[in-house]
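As stored in structure_19.csv (CSV, C-alpha atoms):
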```csv
chain,number,residue,atom,x,y,z
D,1,MET,CA,137.7,77.8,141.6
D,2,LEU,CA,134.8,75.4,142.4
D,3,SER,CA,134.1,77.2,145.7
D,4,ALA,CA,134.0,80.6,143.8
D,5,VAL,CA,131.4,79.2,141.4
D,6,VAL,CA,129.3,77.8,144.3
D,7,LEU,CA,129.5,81.1,146.2
D,8,ALA,CA,128.4,83.0,143.0
D,9,LEU,CA,125.4,80.6,142.6
D,10,LEU,CA,124.5,81.1,146.2
D,11,ALA,CA,124.7,84.9,145.9
D,12,VAL,CA,122.5,84.8,142.8
D,13,MET,CA,119.9,82.7,144.5
D,14,ALA,CA,119.9,85.0,147.5
D,15,LEU,CA,119.0,88.1,145.4
D,16,PRO,CA,115.5,89.3,146.0
D,17,GLN,CA,113.2,88.3,143.1
D,18,ARG,CA,110.9,90.8,141.4
D,19,PRO,CA,107.3,89.7,141.2
D,20,GLN,CA,106.4,88.7,137.6
D,21,VAL,CA,104.2,91.3,135.9
D,22,ARG,CA,101.4,89.5,134.1
D,23,PHE,CA,100.6,91.0,130.7
D,24,SER,CA,97.0,90.6,129.8
D,25,ALA,CA,96.9,89.9,126.1
D,26,PRO,CA,93.8,91.1,124.3
D,27,SER,CA,91.1,88.4,124.1
D,28,PRO,CA,90.4,86.6,120.8
D,29,SER,CA,87.3,88.8,120.4
D,30,THR,CA,89.5,91.9,120.6
D,31,HIS,CA,91.7,90.4,117.8
D,32,ARG,CA,88.6,89.9,115.7
D,33,THR,CA,87.4,93.4,116.5
D,34,LEU,CA,90.9,94.7,115.4
D,35,GLU,CA,90.7,92.8,112.1
D,36,ILE,CA,87.2,94.2,111.5
D,37,SER,CA,88.2,97.7,112.4
D,38,ALA,CA,91.2,97.6,110.0
D,39,GLN,CA,89.1,96.1,107.2
D,40,ALA,CA,86.4,98.7,107.7
D,41,LEU,CA,88.9,101.6,107.6
D,42,ARG,CA,90.6,100.1,104.5
D,43,GLU,CA,87.3,99.8,102.7
D,44,ALA,CA,86.3,103.4,103.6
D,45,VAL,CA,89.7,104.7,102.3
D,46,ASN,CA,89.3,102.6,99.1
D,47,HIS,CA,85.7,103.8,98.5
D,48,TYR,CA,86.8,107.4,99.0
D,49,ARG,CA,89.6,106.9,96.4
D,50,ARG,CA,87.1,105.3,94.0
D,51,ASP,CA,84.7,108.3,94.3
D,52,HIS,CA,87.4,111.0,94.3
D,53,GLY,CA,90.3,109.6,92.3
D,54,GLU,CA,92.8,110.3,95.1
D,55,TRP,CA,93.4,109.1,98.7
D,56,PRO,CA,91.8,111.0,101.5
D,57,GLY,CA,93.8,113.2,103.9
D,58,LEU,CA,94.6,116.4,102.1
D,59,PRO,CA,92.5,119.5,102.5
D,60,PRO,CA,90.9,120.4,99.1
D,61,HIS,CA,92.9,122.7,96.9
D,62,SER,CA,95.5,123.4,99.6
D,63,GLY,CA,98.8,122.1,98.3
D,64,LEU,CA,99.7,121.7,102.0
D,65,ASP,CA,101.8,119.1,103.8
D,66,ARG,CA,99.5,116.2,104.5
D,67,LYS,CA,101.2,115.3,107.8
D,68,HIS,CA,99.7,118.3,109.6
D,69,TYR,CA,96.1,117.6,108.4
D,70,SER,CA,95.2,114.2,109.7
D,71,THR,CA,91.8,115.7,110.8
D,72,TRP,CA,91.0,116.0,107.1
D,73,LEU,CA,91.3,112.2,106.6
D,74,VAL,CA,88.8,111.8,109.5
D,75,ARG,CA,86.4,114.5,108.1
D,76,GLN,CA,86.6,113.1,104.5
D,77,LEU,CA,85.8,109.6,105.7
D,78,CYS,CA,83.1,110.5,108.3
D,79,MET,CA,81.3,113.3,106.5
D,80,ALA,CA,79.6,113.8,103.1
D,81,SER,CA,81.9,115.2,100.4
D,82,ASN,CA,81.9,116.5,96.9
D,83,GLY,CA,84.2,115.5,94.1
D,84,HIS,CA,86.9,117.9,95.4
D,85,GLY,CA,86.9,116.4,98.9
D,86,GLU,CA,85.2,119.4,100.5
D,87,VAL,CA,83.0,118.2,103.3
D,88,VAL,CA,79.6,119.0,104.9
D,89,ASP,CA,77.7,117.4,107.8
D,90,ALA,CA,75.1,115.7,105.8
D,91,ALA,CA,74.8,114.4,102.2
D,92,LYS,CA,73.1,116.7,99.7
D,93,PRO,CA,73.0,117.1,96.0
D,94,THR,CA,76.2,119.1,96.0
D,95,HIS,CA,78.0,116.6,98.3
D,96,PRO,CA,76.8,113.2,97.2
D,97,PHE,CA,79.7,111.0,98.4
D,98,GLY,CA,80.1,109.4,101.8
D,99,PRO,CA,80.1,109.3,104.7
D,100,TYR,CA,82.3,106.2,104.3
D,101,LEU,CA,82.8,105.5,108.0
D,102,GLU,CA,81.4,106.5,111.4
D,103,SER,CA,84.0,108.2,113.6
D,104,ALA,CA,83.8,105.3,116.1
D,105,GLY,CA,85.2,103.1,113.3
D,106,LEU,CA,88.6,104.8,113.8
D,107,MET,CA,89.0,103.3,117.3
D,108,ASN,CA,91.9,100.9,117.6
D,109,PRO,CA,90.7,98.3,120.2
D,110,VAL,CA,94.3,97.4,121.3
D,111,ASN,CA,95.5,100.8,122.3
D,112,GLY,CA,92.2,102.6,122.6
D,113,ARG,CA,93.2,105.5,120.4
D,114,SER,CA,91.3,106.9,117.4
D,115,ASP,CA,93.8,109.3,115.8
D,116,VAL,CA,95.6,108.8,112.5
D,117,TYR,CA,99.2,109.7,111.7
D,118,LEU,CA,99.5,110.7,108.0
D,119,LEU,CA,102.9,110.2,106.5
D,120,ASP,CA,104.4,113.1,104.6
D,121,GLU,CA,105.0,112.5,100.9
D,122,ASN,CA,108.7,112.1,101.5
D,123,GLU,CA,108.2,109.9,104.6
D,124,CYS,CA,108.4,106.1,104.4
D,125,MET,CA,106.1,103.8,106.2
D,126,PRO,CA,107.9,102.6,109.4
D,127,PHE,CA,108.7,98.9,109.9
D,128,ALA,CA,106.9,98.7,113.3
D,129,ALA,CA,104.4,100.4,115.5
D,130,ASP,CA,105.3,103.0,118.0
D,131,GLY,CA,101.8,103.3,119.6
D,132,HIS,CA,101.7,107.1,119.4
D,133,SER,CA,98.5,107.0,117.3
D,134,ALA,CA,95.7,104.5,116.4
D,135,TRP,CA,96.7,104.1,112.7
D,136,ILE,CA,99.4,105.1,110.3
D,137,PHE,CA,98.3,106.0,106.8
D,138,ASP,CA,100.2,106.8,103.7
D,139,PRO,CA,98.1,109.2,101.6
D,140,CYS,CA,100.4,108.7,98.6
D,141,ASN,CA,99.6,105.0,98.1
D,142,GLY,CA,96.8,104.2,100.5
D,143,GLU,CA,98.9,101.9,102.8
D,144,LEU,CA,97.3,101.6,106.2
D,145,HIS,CA,98.8,100.0,109.4
D,146,MET,CA,97.6,99.7,112.9
D,147,ASN,CA,99.9,101.6,115.2
D,148,ALA,CA,99.5,99.1,118.1
D,149,MET,CA,102.5,97.5,119.7
D,150,GLY,CA,102.4,93.8,120.4
D,151,CYS,CA,101.3,90.7,118.7
D,152,ILE,CA,98.6,88.0,118.6
D,153,GLU,CA,99.9,85.6,121.2
D,154,ALA,CA,98.7,82.4,119.5
D,155,THR,CA,100.3,83.2,116.1
D,156,GLY,CA,102.9,85.8,116.8
D,157,GLN,CA,101.5,88.1,114.1
D,158,ARG,CA,102.2,91.7,114.9
D,159,TYR,CA,99.1,94.0,115.2
D,160,PHE,CA,101.0,96.3,112.9
D,161,ASP,CA,100.8,93.6,110.1
D,162,ILE,CA,97.1,92.9,110.4
```

Once you've parsed the file, please lay out its structure as structure tokens.
Amino acid sequence: MLSAVVLALLAVMALPQRPQVRFSAPSPSTHRTLEISAQALREAVNHYRRDHGEWPGLPPHSGLDRKHYSTWLVRQLCMASNGHGEVVDAAKPTHPFGPYLESAGLMNPVNGRSDVYLLDENECMPFAADGHSAWIFDPCNGELHMNAMGCIEATGQRYFDI
């Protein structure tokens, strides 16, 4: 029995070892950039709601499924709008609101994406990131999460929870 254990240990030690892959965690400045990006996007969404009485993301007067119209969220935050959420390139008397954010403000510094996944009204916020977009936004309640996988190494806080 002892010789079998010794042989098994020798066999394991003789197996070729894979080189360890080094994961380069984002730098502390990237973490701060991520926090700033999330805060700027949350402020833009809240300012839009203050001015329009609803969360951004749905084309005006459409009654359509929000999930398929994430570009409207970007347009409503990055362009001038009227009280109905209709957008134009520049602010004018008929469109006095916004822009609330520059399009570069949508960039997620962890995964490099700048797209937003809008949840459908019957869809719940996931519990974790899948990395398939930069952000996940619930236009029914204004909840916003970064869709970046991983965590801050020093604290273990998930990017999703920032």

So the first atom is atom CA of Asp138 of chain D and the second is atom CA of Leu119 of chain D; what is the distance between them in Å, to one decimal place?
5.2 Å

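Rounded to one decimal, atom CA of Arg32 of chain D and atom CA of Pro99 of chain D lie 23.9 Å from each other.
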
If I put a ball of radius 12 Å at (93.5, 114.2, 111.6) in the file's coordinates, which residues poke into it when counting only C-alpha atoms, written as an MDAnalysis selection string?
chainID D and resid 56:59 66:78 103 106 114:119 133:137

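Using all atoms listed in the file, the contacts of Gly150 of chain D at a cut-off of 7 Å, with sequence neighbours closer than 2 positions omitted, comprise Ala148, Arg158 and Tyr159 of chain D.
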
Quick one: residues within 8 Å of Gly105 of chain D, only C-alpha atoms counted, chain neighbours fewer than 4 positions away excluded, as a count of residues only?
4

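Nearest to Thr33 of chain D of all the residues D:Asn122, D:Pro109, D:Glu143, D:Gly98 is D:Pro109, counting all atoms listed in the file.
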
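Across the model, the gap from atom CA of Asp120 of chain D to atom CA of His145 of chain D is 15.0 Å.
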
Nearest to Arg113 of chain D by atom-to-atom distance, counting all atoms listed in the file, from D:Met146, D:Ala128, D:Asn82, D:Ala90:
D:Met146

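Once Phe97 of chain D and its same-chain neighbours fewer than 6 positions away are set aside, His47, Tyr48, Asp51, His52, Gln76, Leu77, Met79, Ala80, Ser81, Asn82, Gly83, Gly85, Val87, Ala90 and Ala91 of chain D remain within 10 Å of it when counting all atoms listed in the file.
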